[in-house]
$ cat protein24.cif   # mmCIF, C-alpha atoms
data_target
loop_
_atom_site.label_atom_id
_atom_site.label_comp_id
_atom_site.auth_asym_id
_atom_site.auth_seq_id
_atom_site.Cartn_x
_atom_site.Cartn_y
_atom_site.Cartn_z
CA MET A 1 -137.70 8.79 54.27
CA SER A 2 -140.04 8.38 57.20
CA ILE A 3 -142.94 10.80 56.63
CA LYS A 4 -145.16 12.33 59.31
CA ILE A 5 -148.18 14.18 57.90
CA ASP A 6 -149.68 17.18 59.74
CA SER A 7 -146.82 17.21 62.25
CA LYS A 8 -143.79 19.35 62.94
CA PHE A 9 -140.69 18.82 65.04
CA TYR A 10 -140.82 19.97 68.65
CA CYS A 11 -137.49 20.57 70.33
CA ALA A 12 -137.10 20.70 74.09
CA ASN A 13 -134.69 23.25 75.54
CA THR A 14 -133.49 24.36 72.12
CA THR A 15 -134.75 25.75 68.84
CA CYS A 16 -134.91 23.71 65.66
CA LEU A 17 -133.11 25.98 63.21
CA PRO A 18 -132.76 24.75 59.61
CA PHE A 19 -129.36 24.94 57.95
CA ILE A 20 -131.13 25.53 54.62
CA ASN A 21 -134.44 27.27 54.09
CA SER A 22 -135.77 27.49 50.54
CA ILE A 23 -138.89 27.34 48.36
CA THR A 24 -139.43 24.10 46.42
CA LEU A 25 -142.07 23.20 43.85
CA ASP A 26 -143.49 20.34 45.93
CA ILE A 27 -142.75 17.89 48.73
CA LYS A 28 -140.79 15.58 46.42
CA ASN A 29 -138.34 18.35 45.62
CA CYS A 30 -138.02 19.01 49.35
CA GLN A 31 -137.25 15.32 49.93
CA PHE A 32 -134.71 15.35 47.10
CA ALA A 33 -133.02 18.42 48.55
CA CYS A 34 -132.58 16.67 51.92
CA LEU A 35 -131.47 13.33 50.53
CA SER A 36 -128.77 14.99 48.43
CA GLN A 37 -127.27 16.65 51.54
CA SER A 38 -124.98 14.42 53.58
CA GLN A 39 -125.68 16.43 56.75
CA CYS A 40 -129.48 16.50 56.39
CA ILE A 41 -131.29 14.25 58.86
CA ALA A 42 -134.78 15.74 58.65
CA ALA A 43 -136.96 18.13 56.67
CA THR A 44 -140.26 19.93 56.92
CA PHE A 45 -142.42 21.06 54.00
CA HIS A 46 -145.02 23.80 54.51
CA ARG A 47 -147.96 23.31 52.15
CA SER A 48 -149.19 26.91 52.16
CA THR A 49 -145.86 28.54 51.37
CA SER A 50 -143.90 25.67 49.72
CA ASN A 51 -141.17 26.45 52.24
CA CYS A 52 -138.71 23.57 52.65
CA GLU A 53 -136.60 23.48 55.83
CA LEU A 54 -133.60 21.16 56.07
CA PHE A 55 -132.19 20.19 59.49
CA ASP A 56 -128.76 18.85 60.35
CA ASN A 57 -129.84 18.21 63.95
CA ILE A 58 -133.07 18.05 65.95
CA LEU A 59 -131.56 18.01 69.41
CA ASN A 60 -133.69 16.84 72.34
CA GLN A 61 -136.67 16.13 70.12
CA ASN A 62 -139.64 14.98 72.15
CA GLU A 63 -141.33 11.74 71.26
CA ASN A 64 -144.59 13.55 70.63
CA MET A 65 -144.49 15.92 67.68
CA LEU A 66 -146.66 19.02 67.46
CA THR A 67 -149.79 18.95 65.33
CA ASP A 68 -149.76 21.37 62.39
CA VAL A 69 -152.05 20.67 59.43
CA ASP A 70 -149.89 22.82 57.15
CA VAL A 71 -146.71 20.80 57.69
CA ILE A 72 -145.32 17.49 56.48
CA SER A 73 -142.23 16.36 58.39
CA MET A 74 -139.69 13.84 57.17
CA GLU A 75 -136.78 12.00 58.74
CA VAL A 76 -133.98 10.32 56.80
CA ILE A 77 -133.79 6.56 57.13
CA SER A 78 -130.19 5.52 57.75
CA GLY A 79 -128.35 4.64 54.55
CA ARG A 80 -131.00 6.08 52.25
CA GLN A 81 -129.18 9.27 51.30
CA PHE A 82 -127.78 9.30 47.79
CA PRO A 83 -124.95 11.11 46.09
CA SER A 84 -126.11 13.96 43.92
CA ALA A 85 -124.89 17.26 42.62
CA CYS A 86 -126.00 19.71 45.26
CA ASN A 87 -128.16 22.45 43.76
CA VAL A 88 -128.84 24.31 46.99
CA PHE A 89 -127.41 27.51 48.43
CA LEU A 90 -126.63 27.86 52.12
CA ASN A 91 -128.05 30.53 54.39
CA GLN A 92 -126.63 33.98 53.72
CA THR A 93 -123.68 35.58 55.46
CA THR A 94 -123.89 39.38 55.47
CA TYR A 95 -121.19 42.05 55.43
CA ALA A 96 -121.63 45.73 56.21
CA VAL A 97 -121.12 48.23 53.39
CA GLY A 98 -122.30 51.80 52.75
CA PHE A 99 -125.80 53.19 52.75
CA GLN A 100 -128.13 51.85 50.05
CA PRO A 101 -125.80 49.47 48.19
CA ILE A 102 -127.32 49.27 44.74
CA SER A 103 -124.80 47.50 42.50
CA VAL A 104 -122.35 44.66 43.13
CA ALA A 105 -119.52 43.03 41.20
CA ALA A 106 -117.24 40.16 42.20
CA VAL A 107 -113.75 40.29 40.64
CA ASP A 108 -110.24 39.53 41.90
CA VAL A 109 -108.75 43.00 42.42
CA ASN A 110 -105.55 42.06 44.30
CA ASN A 111 -104.29 39.19 42.12
CA ASP A 112 -104.60 36.45 44.74
CA ASN A 113 -106.92 34.35 42.55
CA LYS A 114 -109.86 34.93 44.91
CA PRO A 115 -112.80 37.09 43.74
CA ASP A 116 -113.35 40.20 45.83
CA ILE A 117 -116.57 42.19 46.25
CA VAL A 118 -117.01 45.73 44.92
CA VAL A 119 -120.18 47.66 45.75
CA ALA A 120 -121.65 51.01 44.72
CA ASN A 121 -123.29 52.70 47.75
CA ARG A 122 -125.87 55.10 46.35
CA ASN A 123 -126.58 57.22 49.42
CA SER A 124 -123.04 57.19 50.82
CA ASN A 125 -121.43 58.44 47.58
CA THR A 126 -118.81 55.70 47.93
CA VAL A 127 -117.72 52.38 46.53
CA SER A 128 -116.78 49.58 48.93
CA VAL A 129 -114.10 46.97 48.35
CA LEU A 130 -114.25 43.79 50.44
CA LEU A 131 -111.20 41.61 49.92
CA ASN A 132 -111.67 37.86 49.93
CA ALA A 133 -109.97 36.34 52.99
CA GLY A 134 -110.41 32.78 51.74
CA SER A 135 -113.09 30.07 52.04
CA GLY A 136 -115.73 32.54 50.91
CA ILE A 137 -115.13 34.89 53.84
CA PHE A 138 -114.56 38.60 53.28
CA ASN A 139 -112.68 41.30 55.16
CA ALA A 140 -114.36 44.50 56.29
CA GLN A 141 -114.92 47.06 53.57
CA THR A 142 -112.50 49.73 52.44
CA THR A 143 -114.38 52.70 51.01
CA TYR A 144 -113.50 55.15 48.25
CA THR A 145 -115.30 58.44 47.67
CA VAL A 146 -116.91 58.85 44.26
CA GLY A 147 -119.53 61.19 42.81
CA THR A 148 -123.10 61.80 43.90
CA SER A 149 -125.45 58.81 43.90
CA PRO A 150 -123.26 56.07 42.38
CA TYR A 151 -125.63 53.68 40.65
CA SER A 152 -123.70 50.97 38.84
CA VAL A 153 -120.20 49.51 39.06
CA ALA A 154 -117.97 47.49 36.73
CA VAL A 155 -114.50 46.13 37.46
CA VAL A 156 -112.25 45.78 34.40
CA ASP A 157 -108.60 46.55 33.55
CA VAL A 158 -108.78 49.76 31.49
CA ASN A 159 -105.10 50.78 31.45
CA SER A 160 -103.51 47.47 30.43
CA ASP A 161 -101.51 46.91 33.62
CA ASN A 162 -103.21 43.57 34.39
CA LYS A 163 -104.92 45.04 37.46
CA PRO A 164 -108.73 45.45 37.38
CA ASP A 165 -109.94 49.03 37.77
CA ILE A 166 -113.29 50.33 39.06
CA ILE A 167 -115.69 52.18 36.77
CA VAL A 168 -118.77 53.70 38.39
CA THR A 169 -121.75 55.73 37.15
CA ASN A 170 -122.39 58.78 39.34
CA SER A 171 -126.06 59.28 38.58
CA GLY A 172 -126.46 62.43 40.67
CA ALA A 173 -123.36 64.09 39.20
CA ASN A 174 -123.98 63.14 35.55
CA SER A 175 -120.51 61.64 35.37
CA ILE A 176 -118.47 58.47 35.15
CA GLY A 177 -115.75 57.81 37.70
CA VAL A 178 -112.65 55.72 36.89
CA LEU A 179 -110.62 54.51 39.88
CA LEU A 180 -107.36 52.99 38.71
CA ASN A 181 -106.01 50.04 40.66
CA ALA A 182 -102.93 51.11 42.64
CA GLY A 183 -101.97 47.54 43.51
CA SER A 184 -102.76 45.13 46.36
CA GLY A 185 -106.47 45.82 45.97
CA THR A 186 -106.22 49.56 46.64
CA PHE A 187 -107.43 52.27 44.29
CA ASN A 188 -106.55 55.80 43.31
CA ALA A 189 -109.01 58.67 43.54
CA GLN A 190 -111.55 58.72 40.75
CA ILE A 191 -111.04 60.49 37.42
CA ASN A 192 -114.32 62.03 36.24
CA TYR A 193 -115.85 62.11 32.76
CA THR A 194 -118.99 64.10 32.05
CA VAL A 195 -121.81 62.14 30.43
CA GLY A 196 -125.57 62.52 30.04
CA PHE A 197 -128.38 63.03 32.53
CA LEU A 198 -128.72 60.32 35.18
CA PRO A 199 -126.18 57.72 34.03
CA TYR A 200 -127.37 54.41 35.41
CA SER A 201 -125.83 51.24 33.99
CA VAL A 202 -122.24 50.68 32.84
CA ALA A 203 -120.44 48.02 30.78
CA VAL A 204 -116.73 48.03 29.98
CA VAL A 205 -115.87 46.21 26.75
CA ASP A 206 -113.55 46.77 23.78
CA VAL A 207 -116.02 47.85 21.08
CA ASN A 208 -113.59 49.10 18.40
CA GLY A 209 -111.11 46.25 18.26
CA ASP A 210 -108.04 48.09 19.56
CA ASN A 211 -107.55 45.83 22.59
CA LYS A 212 -108.45 48.65 24.99
CA SER A 213 -111.61 48.42 27.07
CA ASP A 214 -114.18 51.13 26.34
CA ILE A 215 -117.00 52.42 28.54
CA ILE A 216 -120.65 52.11 27.53
CA ILE A 217 -123.38 53.64 29.69
CA THR A 218 -127.11 54.27 29.76
CA ASN A 219 -128.14 57.89 30.30
CA PHE A 220 -131.52 57.27 31.93
CA GLY A 221 -132.65 60.89 31.87
CA SER A 222 -131.30 61.68 28.38
CA ASN A 223 -132.83 58.64 26.64
CA ASN A 224 -129.55 57.68 25.04
CA ILE A 225 -126.48 55.46 25.22
CA GLY A 226 -123.03 56.95 25.73
CA VAL A 227 -119.87 55.34 24.33
CA LEU A 228 -116.51 56.58 25.67
CA LEU A 229 -113.62 55.15 23.66
CA ASN A 230 -110.40 54.33 25.50
CA VAL A 231 -107.47 56.38 24.20
CA GLY A 232 -104.86 54.56 26.29
CA ASN A 233 -103.46 54.61 29.82
CA GLY A 234 -106.97 54.44 31.26
CA THR A 235 -108.14 57.75 29.77
CA PHE A 236 -111.24 58.16 27.63
CA ASN A 237 -112.65 60.39 24.92
CA ALA A 238 -115.85 62.35 25.45
CA GLN A 239 -118.96 60.26 24.97
CA THR A 240 -120.63 59.66 21.62
CA THR A 241 -124.36 59.23 22.11
CA TYR A 242 -126.95 57.03 20.42
CA ALA A 243 -130.68 57.57 20.83
CA VAL A 244 -132.61 54.69 22.36
CA GLY A 245 -135.97 54.31 24.10
CA TYR A 246 -137.46 56.11 27.07
CA ASN A 247 -135.44 55.74 30.31
CA PRO A 248 -132.72 53.26 29.34
CA ASN A 249 -131.51 51.72 32.58
CA SER A 250 -129.56 48.51 31.95
CA ILE A 251 -126.99 47.52 29.36
CA ALA A 252 -125.08 44.51 28.09
CA VAL A 253 -122.41 44.52 25.39
CA VAL A 254 -122.11 41.20 23.55
CA ASP A 255 -121.67 40.10 19.92
CA VAL A 256 -125.17 38.91 19.00
CA ASN A 257 -124.80 38.58 15.20
CA GLY A 258 -121.58 36.60 14.95
CA ASP A 259 -119.41 39.24 13.28
CA ASN A 260 -116.88 39.41 16.12
CA LYS A 261 -117.89 42.97 16.99
CA PRO A 262 -119.65 43.57 20.35
CA ASP A 263 -123.19 44.92 20.06
CA ILE A 264 -125.21 46.90 22.59
CA ILE A 265 -128.37 45.55 24.20
CA VAL A 266 -130.34 47.95 26.39
CA SER A 267 -133.49 47.69 28.49
CA ASN A 268 -135.70 50.73 27.91
CA TYR A 269 -137.54 50.96 31.21
CA GLY A 270 -140.14 53.53 30.18
CA ALA A 271 -140.78 52.06 26.73
CA ASN A 272 -141.32 48.43 27.83
CA ASN A 273 -138.85 47.11 25.28
CA VAL A 274 -135.25 46.14 24.74
CA GLY A 275 -133.15 47.76 22.06
CA VAL A 276 -130.38 46.09 20.04
CA LEU A 277 -127.74 48.38 18.49
CA LEU A 278 -125.51 46.42 16.12
CA ASN A 279 -121.86 47.42 15.92
CA ALA A 280 -121.12 49.17 12.61
CA GLY A 281 -117.35 49.00 13.11
CA SER A 282 -114.72 51.33 14.61
CA GLY A 283 -116.78 51.66 17.78
CA THR A 284 -119.86 53.11 16.08
CA PHE A 285 -123.35 51.65 16.22
CA HIS A 286 -126.47 51.40 14.07
CA ALA A 287 -129.85 52.67 15.27
CA GLN A 288 -131.60 50.36 17.68
CA THR A 289 -134.03 47.61 16.74
CA THR A 290 -136.59 47.15 19.50
CA TYR A 291 -138.35 44.09 20.90
CA THR A 292 -141.35 44.32 23.19
CA VAL A 293 -140.93 42.78 26.62
CA GLY A 294 -142.78 43.10 29.93
CA THR A 295 -143.58 46.20 31.93
CA HIS A 296 -140.62 48.31 33.08
CA PRO A 297 -137.67 46.09 32.12
CA TYR A 298 -135.04 46.82 34.77
CA SER A 299 -132.10 44.55 34.04
CA VAL A 300 -130.75 42.71 31.01
CA ALA A 301 -128.24 39.90 30.46
CA VAL A 302 -127.12 38.33 27.18
CA VAL A 303 -126.05 34.66 27.25
CA ASP A 304 -126.57 31.62 25.02
CA VAL A 305 -129.21 29.65 26.95
CA ASN A 306 -130.19 27.07 24.30
CA SER A 307 -126.72 25.88 23.20
CA ASP A 308 -126.94 27.08 19.60
CA ASN A 309 -123.88 29.34 19.88
CA LYS A 310 -126.03 32.45 19.54
CA PRO A 311 -126.41 34.74 22.60
CA ASP A 312 -129.96 35.20 23.82
CA ILE A 313 -131.53 38.07 25.78
CA ILE A 314 -132.78 37.63 29.34
CA VAL A 315 -134.61 40.53 30.95
CA ALA A 316 -136.07 41.22 34.40
CA ASN A 317 -139.47 42.91 33.96
CA SER A 318 -139.92 44.80 37.22
CA GLY A 319 -143.46 46.02 36.58
CA SER A 320 -144.89 42.68 35.48
CA ASN A 321 -143.00 40.53 38.00
CA SER A 322 -141.58 38.29 35.32
CA THR A 323 -138.40 37.22 33.60
CA GLY A 324 -138.39 37.33 29.81
CA VAL A 325 -136.27 35.18 27.49
CA LEU A 326 -135.80 36.26 23.86
CA LEU A 327 -134.04 33.58 21.82
CA ASN A 328 -131.61 34.65 19.11
CA THR A 329 -132.93 33.65 15.69
CA GLY A 330 -129.73 34.57 13.83
CA ASN A 331 -128.08 37.69 12.42
CA GLY A 332 -128.78 39.57 15.63
CA THR A 333 -132.56 39.21 15.51
CA PHE A 334 -134.66 37.78 18.31
CA SER A 335 -137.92 35.93 18.82
CA ALA A 336 -140.75 37.28 20.96
CA GLN A 337 -140.13 36.86 24.66
CA THR A 338 -141.20 33.85 26.66
CA SER A 339 -142.14 34.92 30.18
CA TYR A 340 -141.55 33.16 33.48
CA PRO A 341 -143.01 34.30 36.82
CA ALA A 342 -140.63 36.03 39.21
CA GLY A 343 -140.97 37.63 42.63
CA SER A 344 -142.11 41.18 43.29
CA PHE A 345 -140.11 43.85 41.42
CA PRO A 346 -137.34 41.78 39.83
CA TRP A 347 -134.47 44.29 39.81
CA SER A 348 -131.35 42.43 38.71
CA VAL A 349 -130.64 39.33 36.61
CA ALA A 350 -127.60 37.09 36.09
CA VAL A 351 -127.29 34.02 33.89
CA VAL A 352 -124.84 31.34 35.06
CA ASP A 353 -124.81 27.53 35.21
CA VAL A 354 -125.37 26.84 38.92
CA ASN A 355 -126.04 23.08 38.80
CA SER A 356 -123.14 21.90 36.63
CA ASP A 357 -125.23 20.59 33.73
CA ASN A 358 -123.57 22.91 31.19
CA LYS A 359 -126.79 24.86 30.73
CA PRO A 360 -126.93 28.48 31.97
CA ASP A 361 -129.56 29.13 34.64
CA ILE A 362 -131.30 32.40 35.53
CA ILE A 363 -130.77 34.11 38.88
CA VAL A 364 -133.01 37.07 39.73
CA ALA A 365 -132.98 39.49 42.68
CA ASN A 366 -136.52 40.56 43.60
CA SER A 367 -136.43 43.86 45.48
CA ASN A 368 -139.97 44.03 46.87
CA SER A 369 -140.35 40.36 47.84
CA ASN A 370 -136.89 40.37 49.45
CA ASP A 371 -135.68 37.19 47.79
CA VAL A 372 -133.60 35.64 45.04
CA ASP A 373 -135.07 33.30 42.42
CA ILE A 374 -133.22 30.55 40.58
CA LEU A 375 -134.76 29.24 37.36
CA LEU A 376 -132.95 26.09 36.33
CA ASN A 377 -132.47 25.58 32.60
CA ALA A 378 -134.67 22.70 31.39
CA GLY A 379 -133.04 22.57 27.95
CA ASN A 380 -133.75 24.18 24.57
CA GLY A 381 -133.90 27.61 26.16
CA THR A 382 -136.78 26.79 28.50
CA PHE A 383 -136.69 27.09 32.27
CA ASN A 384 -138.26 25.42 35.28
CA ALA A 385 -140.31 27.32 37.83
CA GLN A 386 -138.26 29.37 40.25
CA ILE A 387 -136.66 28.14 43.46
CA THR A 388 -136.70 30.99 45.97
CA TYR A 389 -134.19 31.99 48.66
CA THR A 390 -135.13 34.67 51.17
CA VAL A 391 -132.47 37.36 51.65
CA ASP A 392 -134.50 40.29 53.05
CA SER A 393 -133.77 44.02 52.81
CA SER A 394 -134.59 44.83 49.19
CA PRO A 395 -131.97 43.02 47.09
CA SER A 396 -131.01 45.37 44.27
CA SER A 397 -128.15 43.62 42.47
CA VAL A 398 -126.89 40.07 42.06
CA ALA A 399 -123.59 38.56 40.96
CA VAL A 400 -122.88 34.84 40.62
CA VAL A 401 -119.23 33.84 41.00
CA ASP A 402 -117.30 31.06 42.76
CA VAL A 403 -115.89 32.92 45.76
CA ASN A 404 -114.60 29.96 47.81
CA GLN A 405 -112.74 28.04 45.10
CA ASP A 406 -114.85 24.88 45.21
CA ASN A 407 -115.74 25.12 41.48
CA LYS A 408 -119.37 25.88 42.30
CA PRO A 409 -120.81 29.36 41.69
CA ASP A 410 -121.97 31.32 44.71
CA ILE A 411 -124.49 34.16 44.92
CA ILE A 412 -123.60 37.68 46.04
CA VAL A 413 -126.42 40.15 46.62
CA ALA A 414 -126.45 43.87 47.39
CA LYS A 415 -129.21 44.56 49.94
CA SER A 416 -130.18 48.20 49.53
CA ALA A 417 -132.38 48.47 52.62
CA SER A 418 -129.84 47.14 55.14
CA SER A 419 -126.51 48.63 54.04
CA SER A 420 -125.08 45.16 53.52
CA VAL A 421 -124.10 42.55 50.99
CA ALA A 422 -125.06 38.91 51.38
CA VAL A 423 -123.05 35.88 50.27
CA LEU A 424 -124.91 32.60 49.70
CA LEU A 425 -122.38 29.81 49.26
CA HIS A 426 -123.23 26.88 47.04
CA CYS A 427 -123.38 23.71 49.12
#
$ encode --input "protein24.cif" --output "C-alpha cells"
Amino acid sequence: MSIKIDSKFYCANTTCLPFINSITLDIKNCQFACLSQSQCIAATFHRSTSNCELFDNILNQNENMLTDVDVISMEVISGRQFPSACNVFLNQTTYAVGFQPISVAAVDVNNDNKPDIVVANRNSNTVSVLLNAGSGIFNAQTTYTVGTSPYSVAVVDVNSDNKPDIIVTNSGANSIGVLLNAGSGTFNAQINYTVGFLPYSVAVVDVNGDNKSDIIITNFGSNNIGVLLNVGNGTFNAQTTYAVGYNPNSIAVVDVNGDNKPDIIVSNYGANNVGVLLNAGSGTFHAQTTYTVGTHPYSVAVVDVNSDNKPDIIVANSGSNSTGVLLNTGNGTFSAQTSYPAGSFPWSVAVVDVNSDNKPDIIVANSNSNDVDILLNAGNGTFNAQITYTVDSSPSSVAVVDVNQDNKPDIIVAKSASSSVAVLLHC
C-alpha cells in the first residue's frame, strides 16, 4: 500500500464516508482489513483512537491532502490485494421495534429457513417479531402484548409441533409468558405462569430427559432459580426453586460434567460470582458451587472454547468492564477466571466462531460505551484483544446468527436507548 503519514483524504464536492469503520489493534491490522476487502481502495488509521476507516471510493479527491498529525492514510496499489477470509462486519442497518428493547433472539419462526428476529421491549410491554425478507433484510415488526416489563426472550418449540414458540420473562409481573406459534410466524396470546420476584433471564432446555423443553429462569429479586417442567402440549408445572447467590440475572443450561444431563450456570450479579448447579436427574439440581468472577457479572454463556470437548464459562463483568473465561477442568469444575478488557458496562455475551477457524470467538455488547467487541480466539482458550464496532444507543443484548445465508455469522443487537435493533452483516 502507498502510505501517507500525517495526512487524511480531502474530498471536493462530496464526503468521504467509509464503508467499514472499526477499531483495530494497530496500523498493520488496518492495512490487513483493507487488503482483504476486494472493494477497499483506501484506508485511514487514527492513532489516538485506533479507529480504522475503509473506503470503497474517494470521489473527486484533491491532489493535496489535508494535514492531520493523528492520521495515517493508505491507498491500495493495483494488484496488491490478497484473498483472505473476511473477518469484518459491515456498518449496521437498524429496524424500529418497541421502547427499550432489552433482549434479542434470532430463530426461524415461519419455517422458511431464514432466521427471524424476536425482541423483548421492556417499556412497551410487548415482544416484536421481524420476519426475514431475504438477503439479511427484515420486514417491519409485528408486536404481541405480554406482561409488564418483559426482560428476556427465548424462542424454542415447547409443544412438539415443530414450530418455535416464544417464552418471555415478565419482570414487572413476576410471571413467564408462553406464546405458542400459530403458524406462518404468527403467535397466540401469551399463557402466564407465576414465578418469583423479578424474573430476568430465561433458558428453554429439556432438563429431565423426556424430550419436552422445560423453562429455567432467574428470579433476580428472590435470589433463586425457577425450573418449570413441561407436562406436554406447551403447558408447564409450577416452578421448583433452587437457592443461588444475590441477584441472579443470567442463565445458561448446558451439560458441563459429561453425564448427558443439562446443568445450570448462573451469574449472581450481586455476589460477584457464577454458580454451577449440577443436574441430579429427573429435572432436579444439586446446590450451587460458586466461582468468583469480576464485579457485577451480567451475562453468561457456556461453550467449549479450547477444543477439549468440555464446555467453558464466559461471563460479562459489567462492573469491572471485563470478560471472564473460566476453563472447564473436568467433572463440572472450573479454573479461576482469566480476564480480558471490554468496553464500558458489558451487558450481553455470545460465543460463536466468526472467522471460520473452528474456534469460538467472544462477542460482547457494551451498553455504556455504545459498541460491540469481538475477541478472536487465539487457541487454547485464550483470546486476542477486542476489535470494536460502534453501534450507539446502549446495546443491551447480542445474538450471532447467519441471517443472509452466506454461511458467515452476522451480529444482531438490541439497542435499548433508540427503540431499534441493529444488524451487522459479515462481509
$ atom_distance --input "protein24.cif" --atom1 "CA of Asn366 in chain A" --atom2 "CA of Ser394 in chain A"
7.3 Å
$ closest_residue --input "protein24.cif" --among "A:Ser213, A:Asn91, A:Gln31, A:Thr44" --to "Val253 in chain A" --atoms "all atoms listed in the file"
A:Ser213
$ closest_residue --input "protein24.cif" --among "A:Val403, A:Ala417, A:Gly330, A:Asp6" --to "Leu130 in chain A" --atoms "only C-alpha atoms"
A:Val403
$ resolve_selection --input "protein24.cif" --expression "the PyMOL selection byres ((chain A and resi 333) around 12)" --output "MDAnalysis selection string"
chainID A and resid 255:258 263 265 274:278 288:291 310:313 326:332 334:336
$ closest_residue --input "protein24.cif" --among "A:Asp361, A:Ser307, A:Val398, A:Ala243" --to "Pro346 in chain A" --atoms "only C-alpha atoms"
A:Val398
$ residues_around --input "protein24.cif" --residues "Val97 in chain A" --least-positions-apart "4" --cutoff "12 Å" --atoms "only C-alpha atoms" --output "PyMOL selection string"
chain A and resi 101-104+117-130+138-144+413-422
$ resolve_selection --input "protein24.cif" --expression "the PyMOL selection byres ((chain A and resi 201) around 8)" --output "CSV table (one decimal) with C-alpha atoms, in the coordinates of the input"
chain,number,residue,atom,x,y,z
A,151,TYR,CA,-125.6,53.7,40.6
A,152,SER,CA,-123.7,51.0,38.8
A,153,VAL,CA,-120.2,49.5,39.1
A,169,THR,CA,-121.8,55.7,37.2
A,199,PRO,CA,-126.2,57.7,34.0
A,200,TYR,CA,-127.4,54.4,35.4
A,202,VAL,CA,-122.2,50.7,32.8
A,203,ALA,CA,-120.4,48.0,30.8
A,217,ILE,CA,-123.4,53.6,29.7
A,218,THR,CA,-127.1,54.3,29.8
A,219,ASN,CA,-128.1,57.9,30.3
A,249,ASN,CA,-131.5,51.7,32.6
A,250,SER,CA,-129.6,48.5,32.0
A,251,ILE,CA,-127.0,47.5,29.4
$ atom_distance --input "protein24.cif" --atom1 "CA of Thr295 in chain A" --atom2 "CA of Ala252 in chain A"
19.0 Å
$ resolve_selection --input "protein24.cif" --expression "the PyMOL selection byres ((chain A and resi 41) around 7)" --output "ChimeraX atom specification"
/A:39-40,42,55-57,75-76
$ closest_residue --input "protein24.cif" --among "A:Phe32, A:Phe9, A:Phe19, A:Phe99" --to "Asp68 in chain A" --atoms "all atoms listed in the file"
A:Phe9
$ atom_distance --input "protein24.cif" --atom1 "CA of Asp392 in chain A" --atom2 "CA of Asn368 in chain A"
9.1 Å
$ closest_residue --input "protein24.cif" --among "A:Asn132, A:Ser369, A:Ser396, A:Asn404" --to "Ser299 in chain A" --atoms "all atoms listed in the file"
A:Ser396
$ residues_near_point --input "protein24.cif" --point "(-131.8, 42.3, 26.6)" --cutoff "7 Å" --atoms "all atoms listed in the file" --output "list in words"
Ile265, Val266, Ser267, Val274, Val300, Ala301, Val302, Ile313, Ile314 and Val315 of chain A
$ write_last_selection --input "protein24.cif" --atoms "C-alpha atoms" --output "PDB file, in the coordinates of the input"
ATOM      1  CA  ILE A 265    -128.370  45.550  24.200  1.00  0.00           C
ATOM      2  CA  VAL A 266    -130.340  47.950  26.390  1.00  0.00           C
ATOM      3  CA  SER A 267    -133.490  47.690  28.490  1.00  0.00           C
ATOM      4  CA  VAL A 274    -135.250  46.140  24.740  1.00  0.00           C
ATOM      5  CA  VAL A 300    -130.750  42.710  31.010  1.00  0.00           C
ATOM      6  CA  ALA A 301    -128.240  39.900  30.460  1.00  0.00           C
ATOM      7  CA  VAL A 302    -127.120  38.330  27.180  1.00  0.00           C
ATOM      8  CA  ILE A 313    -131.530  38.070  25.780  1.00  0.00           C
ATOM      9  CA  ILE A 314    -132.780  37.630  29.340  1.00  0.00           C
ATOM     10  CA  VAL A 315    -134.610  40.530  30.950  1.00  0.00           C
TER      11      VAL A 315
END
$ closest_residue --input "protein24.cif" --among "A:Ser393, A:Thr49, A:Ser222, A:Thr240" --to "Gln100 in chain A" --atoms "only C-alpha atoms"
A:Ser393
$ residues_near_point --input "protein24.cif" --point "(-100.6, 46.4, 29.5)" --cutoff "10 Å" --atoms "only C-alpha atoms" --output "PDB file with C-alpha atoms, in the frame of the given file"
ATOM      1  CA  ASP A 157    -108.600  46.550  33.550  1.00  0.00           C
ATOM      2  CA  VAL A 158    -108.780  49.760  31.490  1.00  0.00           C
ATOM      3  CA  ASN A 159    -105.100  50.780  31.450  1.00  0.00           C
ATOM      4  CA  SER A 160    -103.510  47.470  30.430  1.00  0.00           C
ATOM      5  CA  ASP A 161    -101.510  46.910  33.620  1.00  0.00           C
ATOM      6  CA  ASN A 162    -103.210  43.570  34.390  1.00  0.00           C
ATOM      7  CA  LYS A 163    -104.920  45.040  37.460  1.00  0.00           C
ATOM      8  CA  ASN A 211    -107.550  45.830  22.590  1.00  0.00           C
ATOM      9  CA  LYS A 212    -108.450  48.650  24.990  1.00  0.00           C
ATOM     10  CA  GLY A 232    -104.860  54.560  26.290  1.00  0.00           C
ATOM     11  CA  ASN A 233    -103.460  54.610  29.820  1.00  0.00           C
TER      12      ASN A 233
END
$ residues_around --input "protein24.cif" --residues "Gly324 in chain A" --least-positions-apart "2" --cutoff "9 Å" --atoms "only C-alpha atoms" --output "VMD selection string"
chain A and resid 293 to 294 313 to 317 322 326 337 to 341
$ decode --input "protein24.cif" --residues "range 154-161 of chain A" --atoms "N, CA and C atoms" --output "CSV table (one decimal), in the first residue's frame"
chain,number,residue,atom,x,y,z
A,154,ALA,N,-36.7,-16.2,24.8
A,154,ALA,CA,-36.2,-17.3,24.2
A,154,ALA,C,-37.2,-17.8,23.2
A,155,VAL,N,-36.7,-18.5,22.1
A,155,VAL,CA,-37.6,-19.0,21.1
A,155,VAL,C,-37.3,-20.4,20.8
A,156,VAL,N,-38.2,-21.3,21.3
A,156,VAL,CA,-38.0,-22.8,21.3
A,156,VAL,C,-39.3,-23.4,21.1
A,157,ASP,N,-39.4,-24.6,20.4
A,157,ASP,CA,-40.6,-25.3,20.3
A,157,ASP,C,-40.9,-26.0,21.6
A,158,VAL,N,-42.0,-25.6,22.3
A,158,VAL,CA,-42.3,-26.2,23.6
A,158,VAL,C,-43.5,-27.2,23.5
A,159,ASN,N,-44.2,-27.3,22.4
A,159,ASN,CA,-45.4,-28.1,22.3
A,159,ASN,C,-45.3,-29.2,21.2
A,160,SER,N,-44.0,-29.4,20.7
A,160,SER,CA,-43.7,-30.5,19.8
A,160,SER,C,-44.5,-30.5,18.5
A,161,ASP,N,-44.7,-29.3,18.0
A,161,ASP,CA,-45.4,-29.2,16.7
A,161,ASP,C,-44.4,-28.7,15.6
